[in-house]
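A.B. asks: My structure is stored as query_5.tsv, with TSV, C-alpha atoms.
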```
chain	number	residue	atom	x	y	z
A	1	MET	CA	65.76	117.22	56.02
A	2	VAL	CA	62.13	118.13	55.67
A	3	TYR	CA	62.79	121.80	54.99
A	4	GLN	CA	64.42	120.99	51.66
A	5	ASN	CA	61.04	119.83	50.37
A	6	SER	CA	59.20	122.88	51.69
A	7	PHE	CA	57.35	125.46	49.65
A	8	LEU	CA	58.62	129.02	49.54
A	9	ALA	CA	56.46	130.23	52.45
A	10	ARG	CA	57.53	127.38	54.74
A	11	TYR	CA	61.18	126.81	53.91
A	12	VAL	CA	62.85	129.02	56.54
A	13	MET	CA	60.22	128.15	59.14
A	14	ASN	CA	60.53	124.40	58.67
A	15	LYS	CA	64.33	124.60	58.72
A	16	GLU	CA	64.41	126.46	62.02
A	17	ILE	CA	61.84	124.26	63.77
A	18	GLU	CA	63.48	121.09	62.43
A	19	GLU	CA	66.89	122.17	63.75
A	20	TRP	CA	65.33	122.82	67.15
A	21	LEU	CA	63.40	119.53	67.22
A	22	VAL	CA	66.48	117.40	66.50
A	23	THR	CA	68.11	118.82	69.65
A	24	LYS	CA	65.25	117.51	71.81
A	25	SER	CA	65.28	114.04	73.37
A	26	ILE	CA	61.84	112.70	72.48
A	27	PRO	CA	61.23	109.08	73.54
A	28	SER	CA	60.16	106.61	70.86
A	29	LYS	CA	56.86	105.90	72.62
A	30	SER	CA	55.83	109.53	72.65
A	31	LYS	CA	52.29	110.51	71.69
A	32	GLY	CA	51.89	113.27	69.13
A	33	LYS	CA	48.87	115.10	67.77
A	34	SER	CA	48.63	117.10	64.58
A	35	VAL	CA	45.52	119.20	65.03
A	36	GLY	CA	43.54	120.35	62.03
A	37	GLY	CA	45.54	118.39	59.48
A	38	SER	CA	48.97	117.08	58.65
A	39	SER	CA	52.27	118.92	58.81
A	40	MET	CA	55.59	118.26	57.08
A	41	LEU	CA	57.18	118.69	60.52
A	42	MET	CA	55.77	115.30	61.50
A	43	GLU	CA	58.40	113.77	59.24
A	44	VAL	CA	61.16	115.02	61.56
A	45	LEU	CA	59.83	112.70	64.28
A	46	PRO	CA	58.61	109.57	62.45
A	47	HIS	CA	59.12	107.44	65.58
A	48	VAL	CA	56.44	109.40	67.44
A	49	LYS	CA	53.00	107.78	67.58
A	50	TRP	CA	51.08	110.39	65.61
A	51	GLU	CA	47.36	110.99	65.49
A	52	VAL	CA	46.20	113.35	62.77
A	53	THR	CA	42.84	114.99	63.28
A	54	GLY	CA	40.67	117.19	61.13
A	55	LEU	CA	38.52	120.02	62.42
A	56	LYS	CA	34.76	120.23	62.33
A	57	ILE	CA	35.03	123.71	60.86
A	58	TYR	CA	38.01	123.16	58.59
A	59	LYS	CA	39.27	119.89	57.05
A	60	GLU	CA	38.05	116.34	56.89
A	61	VAL	CA	40.71	113.79	57.83
A	62	LYS	CA	40.01	111.68	54.74
A	63	ASP	CA	41.35	114.52	52.59
A	64	LEU	CA	44.75	114.20	54.25
A	65	GLU	CA	45.46	110.49	53.75
A	66	TRP	CA	47.25	110.83	50.42
A	67	TYR	CA	49.89	113.03	52.03
A	68	ILE	CA	50.52	111.68	55.49
A	69	HIS	CA	50.97	108.06	54.46
A	70	LYS	CA	53.99	109.17	52.43
A	71	ILE	CA	55.85	110.63	55.41
A	72	ILE	CA	54.79	108.63	58.47
A	73	PRO	CA	55.14	104.84	58.80
A	74	PRO	CA	51.63	103.27	58.92
A	75	GLU	CA	52.38	101.65	62.28
A	76	ASN	CA	53.06	105.09	63.76
A	77	LEU	CA	50.02	106.81	62.33
A	78	GLU	CA	46.39	106.98	63.32
A	79	LEU	CA	43.75	109.03	61.60
A	80	GLY	CA	41.34	110.62	64.04
A	81	LYS	CA	38.03	108.81	63.74
A	82	ARG	CA	36.14	112.08	63.65
A	83	PRO	CA	36.95	115.77	63.29
A	84	VAL	CA	37.58	117.49	66.62
A	85	ASP	CA	36.55	120.85	68.00
A	86	VAL	CA	39.83	122.68	68.59
A	87	LEU	CA	38.07	124.86	71.16
A	88	ARG	CA	37.19	121.73	73.17
A	89	LEU	CA	39.90	119.18	72.47
A	90	PRO	CA	38.74	115.67	73.43
A	91	TRP	CA	42.00	114.66	75.15
A	92	GLU	CA	42.86	114.58	78.83
A	93	ASP	CA	44.97	117.17	80.63
A	94	ASP	CA	48.73	116.62	80.43
A	95	SER	CA	48.40	113.62	78.10
A	96	ILE	CA	50.31	114.52	74.91
A	97	ASP	CA	54.07	114.78	74.34
A	98	ILE	CA	53.98	117.00	71.25
A	99	ILE	CA	51.20	118.88	69.49
A	100	ILE	CA	51.34	120.71	66.16
A	101	ALA	CA	48.87	123.25	64.81
A	102	ASP	CA	50.21	124.07	61.36
A	103	GLN	CA	48.54	127.11	59.75
A	104	LEU	CA	45.51	126.49	61.94
A	105	LEU	CA	44.99	129.26	64.49
A	106	GLY	CA	44.03	131.89	61.93
A	107	CYS	CA	41.25	129.60	60.74
A	108	VAL	CA	39.38	129.33	64.03
A	109	PRO	CA	37.16	132.10	65.46
A	110	TYR	CA	38.72	132.10	68.94
A	111	PRO	CA	42.43	131.28	68.59
A	112	TRP	CA	43.15	132.18	72.21
A	113	ILE	CA	40.83	129.38	73.35
A	114	ALA	CA	42.45	126.96	70.89
A	115	ALA	CA	45.90	127.86	72.25
A	116	GLU	CA	44.70	127.32	75.82
A	117	GLU	CA	43.37	123.89	74.83
A	118	MET	CA	46.66	122.93	73.17
A	119	ILE	CA	48.56	123.89	76.31
A	120	ARG	CA	46.07	122.08	78.55
A	121	VAL	CA	46.46	118.71	76.84
A	122	THR	CA	50.27	118.89	76.55
A	123	LYS	CA	52.33	117.18	79.24
A	124	PRO	CA	54.66	119.24	81.44
A	125	GLY	CA	57.89	119.30	79.48
A	126	GLY	CA	55.98	118.56	76.26
A	127	ILE	CA	56.33	120.48	73.00
A	128	VAL	CA	53.84	122.84	71.33
A	129	ILE	CA	54.31	124.09	67.76
A	130	ALA	CA	52.05	126.62	66.03
A	131	THR	CA	52.47	128.28	62.65
A	132	ALA	CA	50.40	131.01	61.04
A	133	SER	CA	50.10	133.41	58.13
A	134	PHE	CA	50.44	137.16	58.59
A	135	MET	CA	50.49	138.97	55.23
A	136	SER	CA	48.51	136.51	53.16
A	137	LYS	CA	45.71	137.87	51.02
A	138	TYR	CA	42.08	137.58	52.03
A	139	ASN	CA	40.94	133.99	52.49
A	140	VAL	CA	37.34	133.14	53.28
A	141	SER	CA	38.48	130.44	55.75
A	142	ASN	CA	40.66	132.84	57.77
A	143	TYR	CA	39.53	134.84	60.79
A	144	PHE	CA	42.94	136.22	61.79
A	145	ASN	CA	46.42	136.86	60.46
A	146	ILE	CA	48.75	136.37	63.44
A	147	SER	CA	51.95	138.29	64.20
A	148	ILE	CA	54.86	137.00	66.28
A	149	GLN	CA	53.64	139.20	69.14
A	150	GLY	CA	50.25	137.57	68.77
A	151	LEU	CA	51.79	134.11	69.06
A	152	GLU	CA	53.69	135.21	72.17
A	153	VAL	CA	50.43	136.35	73.75
A	154	LEU	CA	48.53	133.19	72.75
A	155	PHE	CA	51.17	130.90	74.27
A	156	TYR	CA	52.36	133.00	77.20
A	157	LYS	CA	51.62	130.16	79.64
A	158	LEU	CA	54.36	127.97	78.18
A	159	ASN	CA	57.55	127.85	80.20
A	160	GLU	CA	59.74	128.39	77.13
A	161	THR	CA	58.76	129.91	73.79
A	162	PHE	CA	60.57	130.88	70.60
A	163	VAL	CA	58.89	133.00	67.94
A	164	ASN	CA	60.06	134.11	64.53
A	165	SER	CA	58.86	135.21	61.12
A	166	TRP	CA	59.93	135.23	57.50
A	167	GLY	CA	58.93	137.23	54.45
A	168	ASN	CA	59.83	139.94	51.97
A	169	LYS	CA	57.90	142.04	49.50
A	170	GLU	CA	58.89	140.09	46.40
A	171	ALA	CA	58.17	136.71	47.96
A	172	ASN	CA	54.89	137.98	49.40
A	173	ASN	CA	53.77	139.11	45.95
A	174	ILE	CA	54.58	135.69	44.51
A	175	LEU	CA	52.81	133.87	47.31
A	176	ASN	CA	49.71	136.06	47.17
A	177	TYR	CA	49.28	136.64	43.47
A	178	THR	CA	50.75	133.70	41.55
A	179	ARG	CA	50.66	129.94	41.86
A	180	ASP	CA	54.35	129.45	41.12
A	181	ALA	CA	55.30	129.01	44.77
A	182	ASN	CA	52.89	126.11	45.13
A	183	ALA	CA	54.20	124.30	42.09
A	184	SER	CA	57.86	123.77	43.04
A	185	ILE	CA	59.90	123.04	46.14
A	186	VAL	CA	62.53	125.62	47.00
A	187	GLU	CA	65.56	123.43	46.31
A	188	GLU	CA	64.42	122.96	42.70
A	189	ASN	CA	64.03	126.65	41.94
A	190	GLU	CA	67.07	128.95	42.03
A	191	ASN	CA	64.95	132.10	42.28
A	192	PHE	CA	63.16	130.74	45.33
A	193	LYS	CA	66.46	129.71	46.93
A	194	LYS	CA	67.61	133.32	46.65
A	195	LEU	CA	64.35	134.71	47.98
A	196	VAL	CA	64.40	132.64	51.15
A	197	THR	CA	67.70	134.27	52.16
A	198	ILE	CA	65.94	137.66	52.33
A	199	ASN	CA	63.99	138.30	55.52
A	200	ASP	CA	62.34	141.68	55.91
A	201	LYS	CA	61.00	141.85	59.47
A	202	ASN	CA	58.60	144.58	58.31
A	203	SER	CA	57.02	142.26	55.74
A	204	PRO	CA	56.42	138.90	57.45
A	205	PHE	CA	54.45	136.41	55.41
A	206	THR	CA	54.73	133.47	57.81
A	207	THR	CA	55.03	133.45	61.60
A	208	TRP	CA	55.72	130.57	63.95
A	209	MET	CA	56.12	129.57	67.58
A	210	TYR	CA	57.64	126.52	69.21
A	211	GLY	CA	58.02	125.97	72.89
A	212	VAL	CA	57.95	123.75	75.94
A	213	LYS	CA	55.27	123.56	78.60
```
Just dump the structure as structure tokens.

C.D. replies:
Amino acid sequence: MVYQNSFLARYVMNKEIEEWLVTKSIPSKSKGKSVGGSSMLMEVLPHVKWEVTGLKIYKEVKDLEWYIHKIIPPENLELGKRPVDVLRLPWEDDSIDIIIADQLLGCVPYPWIAAEEMIRVTKPGGIVIATASFMSKYNVSNYFNISIQGLEVLFYKLNETFVNSWGNKEANNILNYTRDANASIVEENENFKKLVTINDKNSPFTTWMYGVK
């Protein structure tokens, strides 16, 4: 259960997406892409043949190796040979079974183009997952904070979409102004376990979308 190892901001999100993913019948030879970096959600589908790519404007793939080798069997993992341009993904139309953009879309200048590209390369019936921040403090690498309505608009061409959010004022203050939430996983901190049960729809910290093309 990947959500049990999630940080405060991701716990509810990872739990919901994980529960949805385990209901899907994804063949063992499926091709998956994690765009812009690695995601804990990859661990839910370790049998998928994953390629993890960095972005020209964001992360270098070499910075991700320490993490992804812990959660994905080496035989099912490929590091992209070079960072990709998320606005011009180098993959063919309808070629990928599942694509994940974890906390990515707010970090690119034209997220609507990135979303179109993700949909383009996903096979009919394939899965698209995107997560974002909404009430995070100013970050020099962010262009946008994305609401659930924003995710619905970005991925309106999918045949099936689910959007949700999580946050509350106390948790948002911790996540924005202290480092505590990045030091412990939720299951090891009783205060965090209580906070994740509180969801104030007026104070979303994290938003997410998962759907089928």

A.B. asks: Compile the contact shell of Asn164 of chain A as a VMD selection string: residues with an atom at most 7 Å away, counting all atoms listed in the file, same-chain residues fewer than 4 positions apart removed.

C.D. replies: chain A and resid 148 207 to 209

A.B. asks: Would you output that residue set with C-alpha atoms, as an mmCIF file, keeping the file's coordinate frame?

C.D. replies:
```
data_model
loop_
_atom_site.group_PDB
_atom_site.id
_atom_site.type_symbol
_atom_site.label_atom_id
_atom_site.label_comp_id
_atom_site.auth_asym_id
_atom_site.auth_seq_id
_atom_site.Cartn_x
_atom_site.Cartn_y
_atom_site.Cartn_z
ATOM 1 C CA ILE A 148 54.860 137.000 66.280
ATOM 2 C CA THR A 207 55.030 133.450 61.600
ATOM 3 C CA TRP A 208 55.720 130.570 63.950
ATOM 4 C CA MET A 209 56.120 129.570 67.580
#
```

A.B. asks: I want to know what sits within 9 Å of segment 200-205 of chain A, based on only C-alpha atoms, with residues of the same chain fewer than 6 positions away left out; could you give that as a PDB file with C-alpha atoms, in the coordinates of the input?

C.D. replies:
```pdb
ATOM      1  CA  ALA A   9      56.460 130.230  52.450  1.00  0.00           C
ATOM      2  CA  ALA A 132      50.400 131.010  61.040  1.00  0.00           C
ATOM      3  CA  SER A 133      50.100 133.410  58.130  1.00  0.00           C
ATOM      4  CA  PHE A 134      50.440 137.160  58.590  1.00  0.00           C
ATOM      5  CA  MET A 135      50.490 138.970  55.230  1.00  0.00           C
ATOM      6  CA  SER A 136      48.510 136.510  53.160  1.00  0.00           C
ATOM      7  CA  SER A 147      51.950 138.290  64.200  1.00  0.00           C
ATOM      8  CA  SER A 165      58.860 135.210  61.120  1.00  0.00           C
ATOM      9  CA  TRP A 166      59.930 135.230  57.500  1.00  0.00           C
ATOM     10  CA  GLY A 167      58.930 137.230  54.450  1.00  0.00           C
ATOM     11  CA  ASN A 168      59.830 139.940  51.970  1.00  0.00           C
ATOM     12  CA  LYS A 169      57.900 142.040  49.500  1.00  0.00           C
ATOM     13  CA  ALA A 171      58.170 136.710  47.960  1.00  0.00           C
ATOM     14  CA  ASN A 172      54.890 137.980  49.400  1.00  0.00           C
ATOM     15  CA  LEU A 175      52.810 133.870  47.310  1.00  0.00           C
TER      16      LEU A 175
END
```

A.B. asks: If you take only C-alpha atoms and a cut-off of 12 Å, which residues of segment 110-139 of chain A touch segment 21-27 of chain A, and what are their nearest atom pairs and distances in Å to one decimal, in chain and number order, as CSV?

C.D. replies:
```
residue,atom,partner,partner_atom,distance
A:Gly125,CA,A:Ile26,CA,10.4
A:Gly126,CA,A:Ile26,CA,9.1
A:Ile127,CA,A:Leu21,CA,9.2
A:Val128,CA,A:Leu21,CA,10.9
A:Ile129,CA,A:Leu21,CA,10.2
```

A.B. asks: Would you work out the distance separating atom CA of Leu45 of chain A from atom CA of Asp97 of chain A, expressed in Å to one decimal?

C.D. replies: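 About the pair atom CA of Leu45 of chain A and atom CA of Asp97 of chain A: they are 11.8 Å apart.
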
A.B. asks: Choose the residue, out of A:Thr161, A:Asn199, A:Ser30, A:Asn142, that has the smallest atom-to-atom separation from Ile96 of chain A; count only C-alpha atoms.

C.D. replies: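 Checking each candidate against Ile96 of chain A, we get A:Ser30 as the closest.
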
A.B. asks: Between atom CA of Lys194 of chain A and atom CA of Gln149 of chain A, what distance in Å does the model show, to one decimal?

C.D. replies: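 Interatomic distance, atom CA of Lys194 of chain A to atom CA of Gln149 of chain A: 27.1 Å.
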